[in-house]
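Trainee: Please find one structure pasted underneath; my questions will follow.
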Amino acid sequence: MNAREKYGIPNDAVITIAGTVGVGKSTMTKTLANALNFKTSFEKVDNNPYLESFYEDFQRWSFHLQVYFLAERFKEQKKIFEYGGGFVQDRSIYEDTGIFAKMHYEKGTMTPTDYETYKNLFDAMVMTPYFPHPDLLIYIEGSLDEVLKRIHERGREMEKSTPISYWEEMHDRYSKWIDSFNACPVLRINIADYDLFNDEESVDLILEKVSRVIGGRSVKQSVSTFADNRIE
Ligand SMILES: Nc1ncnc2c1ncn2[C@@H]1O[C@H](COP(=O)(O)OP(=O)(O)O)[C@@H](O)[C@H]1O
Ligand SMILES: Nc1ncnc2c1ncn2[C@H]1C[C@H](O)[C@@H](COP(=O)(O)O)O1
């Protein structure tokens, strides 16, 4: 019996991984997809035509980058839908607007007009009854110190040379954002409680928690909200 069967996780489930930059989403995406024999959907970092310019000049490039990410994520969303699920997705589309675009607008590095245009585009594409929400959002959280350590260890120059205040602001915003997020069920996981590199049992621990939310039932893509469906 494979892990997916063992934990009763439907083979058409869509699990999205959320959390601040460097917290461990890509690592979690690969590990869970491997354990469940699911496909992966990664965000476009390498070969992203705006990302480096964005980190050099937020004001100039924030709108371009948001539109680029929105288009990329929407294409991924379509792919997931066409495959009929069975995916682990690295970063949710909700973070683009709920964290990044909002933060740049509120900090003055995206103009009100650009923000309004972006939000209209986002709402028209995402907030429709035709947009399938994920079956589960796994939110990875961790201390700012540990996250900063991981950003430095990973070594992307553009992130390493970004002031710590930027990551601090993002870290705070994520904590608030997740407390009011209700577009789909949420499972919160703290990086202090698992180690995907050195502890083989960690993945089972996480799958067991996933199973408590979406195990043993057929998941249907739904547009309803799940405010009461949280577990810690
Ligand atoms: N469980 C873990 N324990 C230790 N280091 C980790 C763990 N998960 C990820 N990392 C490291 O942290 C860094 C960021 O991880 P990554 O998965 O790329 O984060 P994200 O996709 O959230 O930006 C990488 O260097 C990765 O090897
Ligand atoms: N929507 C976004 N706006 C600005 N920057 C973004 C957005 N989505 C991702 N990013 C950046 C942040 C990181 O530098 C890379 C990849 O993120 P990661 O959390 O490491 O997967 O892209």
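Each chain in the structure tokens gets a letter, A, B, ..., in the order shown, and its residues are numbered from 1; ligands are numbered from 1 in order too.
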Give me, as a compact mmCIF listing (two decimals) with C-alpha atoms, in the first residue's frame, the set of residues whose atoms come within 7 Å of any atom of ligand 1, counting only C-alpha atoms and all ligand atoms.
Mentor:
# COMPACT_ATOMS: atom_id res chain seq x y z
CA GLY A 19 4.39 30.54 3.65
CA THR A 20 6.93 33.31 3.56
CA VAL A 21 9.96 33.30 1.30
CA GLY A 22 12.54 30.73 2.35
CA VAL A 23 10.39 28.94 4.92
CA GLY A 24 10.55 25.62 3.05
CA LYS A 25 7.64 25.45 0.59
CA SER A 26 9.57 24.00 -2.36
CA THR A 27 11.16 21.37 -0.16
CA MET A 28 7.77 20.42 1.26
CA ASP A 90 4.38 25.52 -4.39
CA ARG A 150 17.34 29.69 5.31
CA ILE A 151 17.23 32.59 2.87
CA GLU A 153 21.78 29.38 3.15
CA ARG A 154 19.83 29.04 -0.09
CA ILE A 191 9.25 24.25 10.95
CA TYR A 194 9.62 18.55 11.54
CA ASP A 195 12.80 17.98 9.60
CA LEU A 196 12.37 16.67 6.09
CA PHE A 197 16.12 16.26 5.63
Trainee: Set the cut-off to 7 Å, count only C-alpha atoms and all ligand atoms, and list whatever residues fall near ligand 2 as number ranges by chain.
Mentor: A: 20-22, 25-26, 43, 45, 51, 62, 65-66, 69, 90-91, 95-97, 100-101, 159
Trainee: Would you put the residues from that selection into a file with C-alpha atoms, as an mmCIF file, in the first residue's frame?
Mentor:
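Saved the output as out-v6.cif:
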data_model
loop_
_atom_site.group_PDB
_atom_site.id
_atom_site.type_symbol
_atom_site.label_atom_id
_atom_site.label_comp_id
_atom_site.auth_asym_id
_atom_site.auth_seq_id
_atom_site.Cartn_x
_atom_site.Cartn_y
_atom_site.Cartn_z
ATOM 1 C CA THR A 20 6.926 33.310 3.561
ATOM 2 C CA VAL A 21 9.961 33.304 1.295
ATOM 3 C CA GLY A 22 12.540 30.734 2.354
ATOM 4 C CA LYS A 25 7.638 25.452 0.589
ATOM 5 C CA SER A 26 9.566 24.001 -2.364
ATOM 6 C CA GLU A 43 6.412 28.956 -9.171
ATOM 7 C CA VAL A 45 11.818 31.767 -10.127
ATOM 8 C CA LEU A 51 12.478 39.049 -10.526
ATOM 9 C CA SER A 62 6.322 45.590 -8.805
ATOM 10 C CA LEU A 65 6.125 41.176 -11.604
ATOM 11 C CA GLN A 66 2.658 40.789 -10.106
ATOM 12 C CA PHE A 69 3.163 35.833 -11.525
ATOM 13 C CA ASP A 90 4.378 25.524 -4.389
ATOM 14 C CA ARG A 91 2.728 28.762 -3.195
ATOM 15 C CA GLU A 95 -0.501 35.059 -1.450
ATOM 16 C CA ASP A 96 0.142 37.143 -4.550
ATOM 17 C CA THR A 97 -2.631 39.520 -3.698
ATOM 18 C CA PHE A 100 2.847 40.748 -2.069
ATOM 19 C CA ALA A 101 0.693 43.169 -4.071
ATOM 20 C CA GLU A 159 17.199 38.002 -1.647
#
Trainee: Nearest to Lys79 of chain A: which of A:Ile164, A:Phe42, A:Ala124, A:Leu207 is it, counting only C-alpha atoms?
Mentor: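 Of A:Ile164, A:Phe42, A:Ala124, A:Leu207, the one nearest Lys79 of chain A, counting only C-alpha atoms, is A:Phe42.
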Trainee: What is the distance between atom CA of Leu136 of chain A and atom CA of Thr40 of chain A, in Å to one decimal?
Mentor: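 Separation between atom CA of Leu136 of chain A and atom CA of Thr40 of chain A: 14.7 Å.
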Trainee: Looking only at helix (DSSP H, G or I) from DSSP on the backbone, list the matching residues of segment 5-229 of chain A as an MDAnalysis selection string.
Mentor: chainID A and resid 5:6 25:36 51:56 58:83 93:106 112:126 144:154 157:160 164:180 191:193 201:214
Trainee: Could you write out the selected residues, including C-alpha atoms, as a compact mmCIF listing (two decimals), in the first residue's frame?
Mentor:
# COMPACT_ATOMS: atom_id res chain seq x y z
CA GLU A 5 -3.67 4.89 0.10
CA LYS A 6 -2.38 4.41 3.63
CA LYS A 25 7.64 25.45 0.59
CA SER A 26 9.57 24.00 -2.36
CA THR A 27 11.16 21.37 -0.16
CA MET A 28 7.77 20.42 1.26
CA THR A 29 6.22 20.39 -2.23
CA LYS A 30 8.82 17.94 -3.54
CA THR A 31 8.65 15.71 -0.48
CA LEU A 32 4.86 15.45 -0.31
CA ALA A 33 4.46 14.98 -4.06
CA ASN A 34 7.06 12.23 -3.96
CA ALA A 35 5.37 10.48 -1.04
CA LEU A 36 1.90 10.75 -2.56
CA LEU A 51 12.48 39.05 -10.53
CA GLU A 52 16.04 40.41 -10.40
CA SER A 53 14.99 43.82 -11.73
CA PHE A 54 12.20 43.84 -9.15
CA TYR A 55 14.61 43.37 -6.26
CA GLU A 56 16.76 46.20 -7.65
CA PHE A 58 10.52 47.68 -6.38
CA GLN A 59 8.81 50.87 -7.51
CA ARG A 60 9.63 50.35 -11.16
CA TRP A 61 8.87 46.62 -11.44
CA SER A 62 6.32 45.59 -8.81
CA PHE A 63 3.31 45.82 -11.12
CA HIS A 64 5.06 43.97 -13.95
CA LEU A 65 6.13 41.18 -11.60
CA GLN A 66 2.66 40.79 -10.11
CA VAL A 67 1.03 40.53 -13.51
CA TYR A 68 3.69 38.05 -14.59
CA PHE A 69 3.16 35.83 -11.52
CA LEU A 70 -0.60 36.04 -11.90
CA ALA A 71 -0.44 34.86 -15.49
CA GLU A 72 1.98 32.05 -14.61
CA ARG A 73 -0.09 30.84 -11.68
CA PHE A 74 -3.26 30.94 -13.69
CA LYS A 75 -1.66 28.76 -16.36
CA GLU A 76 -0.61 26.31 -13.64
CA GLN A 77 -4.13 26.37 -12.25
CA LYS A 78 -5.49 25.46 -15.66
CA LYS A 79 -3.00 22.61 -15.96
CA ILE A 80 -4.00 21.24 -12.54
CA PHE A 81 -7.64 21.39 -13.56
CA GLU A 82 -6.98 19.68 -16.89
CA TYR A 83 -5.10 16.84 -15.18
CA ILE A 93 -2.34 32.30 -5.80
CA TYR A 94 -3.90 33.95 -2.73
CA GLU A 95 -0.50 35.06 -1.45
CA ASP A 96 0.14 37.14 -4.55
CA THR A 97 -2.63 39.52 -3.70
CA GLY A 98 -2.99 38.96 0.07
CA ILE A 99 0.71 39.46 0.78
CA PHE A 100 2.85 40.75 -2.07
CA ALA A 101 0.69 43.17 -4.07
CA LYS A 102 -0.93 44.55 -0.91
CA MET A 103 2.39 45.02 0.83
CA HIS A 104 3.96 46.86 -2.09
CA TYR A 105 0.92 49.08 -2.44
CA GLU A 106 0.78 49.88 1.27
CA PRO A 112 -2.72 53.08 -6.24
CA THR A 113 -3.71 52.90 -9.92
CA ASP A 114 -1.51 49.87 -10.59
CA TYR A 115 -2.80 48.18 -7.44
CA GLU A 116 -6.40 48.81 -8.47
CA THR A 117 -5.73 47.45 -11.96
CA TYR A 118 -3.99 44.40 -10.53
CA LYS A 119 -6.81 43.72 -8.07
CA ASN A 120 -9.44 44.01 -10.81
CA LEU A 121 -7.51 41.54 -12.91
CA PHE A 122 -7.07 39.19 -9.96
CA ASP A 123 -10.75 39.35 -9.02
CA ALA A 124 -11.88 38.78 -12.59
CA MET A 125 -9.60 35.73 -12.94
CA VAL A 126 -9.74 34.18 -9.49
CA LEU A 144 11.98 35.15 11.54
CA ASP A 145 15.51 34.18 12.57
CA GLU A 146 15.20 30.68 11.13
CA VAL A 147 13.62 32.01 7.93
CA LEU A 148 16.44 34.54 7.47
CA LYS A 149 18.97 31.78 8.05
CA ARG A 150 17.34 29.69 5.31
CA ILE A 151 17.23 32.59 2.87
CA HIS A 152 20.97 33.06 3.39
CA GLU A 153 21.78 29.38 3.15
CA ARG A 154 19.83 29.04 -0.09
CA GLU A 157 21.88 37.01 -4.22
CA MET A 158 18.83 39.22 -4.88
CA GLU A 159 17.20 38.00 -1.65
CA LYS A 160 20.38 38.09 0.42
CA ILE A 164 16.02 42.48 6.68
CA SER A 165 13.17 44.95 7.28
CA TYR A 166 11.54 43.68 4.06
CA TRP A 167 11.51 40.07 5.31
CA GLU A 168 10.38 41.21 8.73
CA GLU A 169 7.44 43.10 7.24
CA MET A 170 6.52 40.07 5.14
CA HIS A 171 6.80 37.73 8.13
CA ASP A 172 4.38 39.90 10.14
CA ARG A 173 1.95 40.18 7.26
CA TYR A 174 1.90 36.42 6.76
CA SER A 175 0.95 35.84 10.42
CA LYS A 176 -2.00 38.19 10.11
CA TRP A 177 -3.02 36.97 6.67
CA ILE A 178 -3.27 33.31 7.65
CA ASP A 179 -5.40 34.11 10.70
CA SER A 180 -8.15 35.41 8.46
CA ILE A 191 9.25 24.25 10.95
CA ALA A 192 10.45 23.55 14.48
CA ASP A 193 8.23 20.44 14.54
CA GLU A 201 9.26 10.06 10.22
CA SER A 202 8.51 13.72 9.54
CA VAL A 203 6.73 13.07 6.28
CA ASP A 204 4.44 10.51 7.91
CA LEU A 205 3.70 12.95 10.68
CA ILE A 206 2.64 15.55 8.14
CA LEU A 207 0.65 13.09 6.01
CA GLU A 208 -1.16 11.97 9.12
CA LYS A 209 -2.22 15.56 9.73
CA VAL A 210 -3.19 16.01 6.08
CA SER A 211 -5.27 12.87 6.35
CA ARG A 212 -7.18 14.33 9.28
CA VAL A 213 -8.41 17.12 7.00
CA ILE A 214 -8.88 15.50 3.60
Trainee: Quick one: pick out all strand (DSSP E or B) residues within segment 93-159 of chain A from a backbone DSSP run and write them as a ChimeraX atom specification.
Mentor: /A:136-141
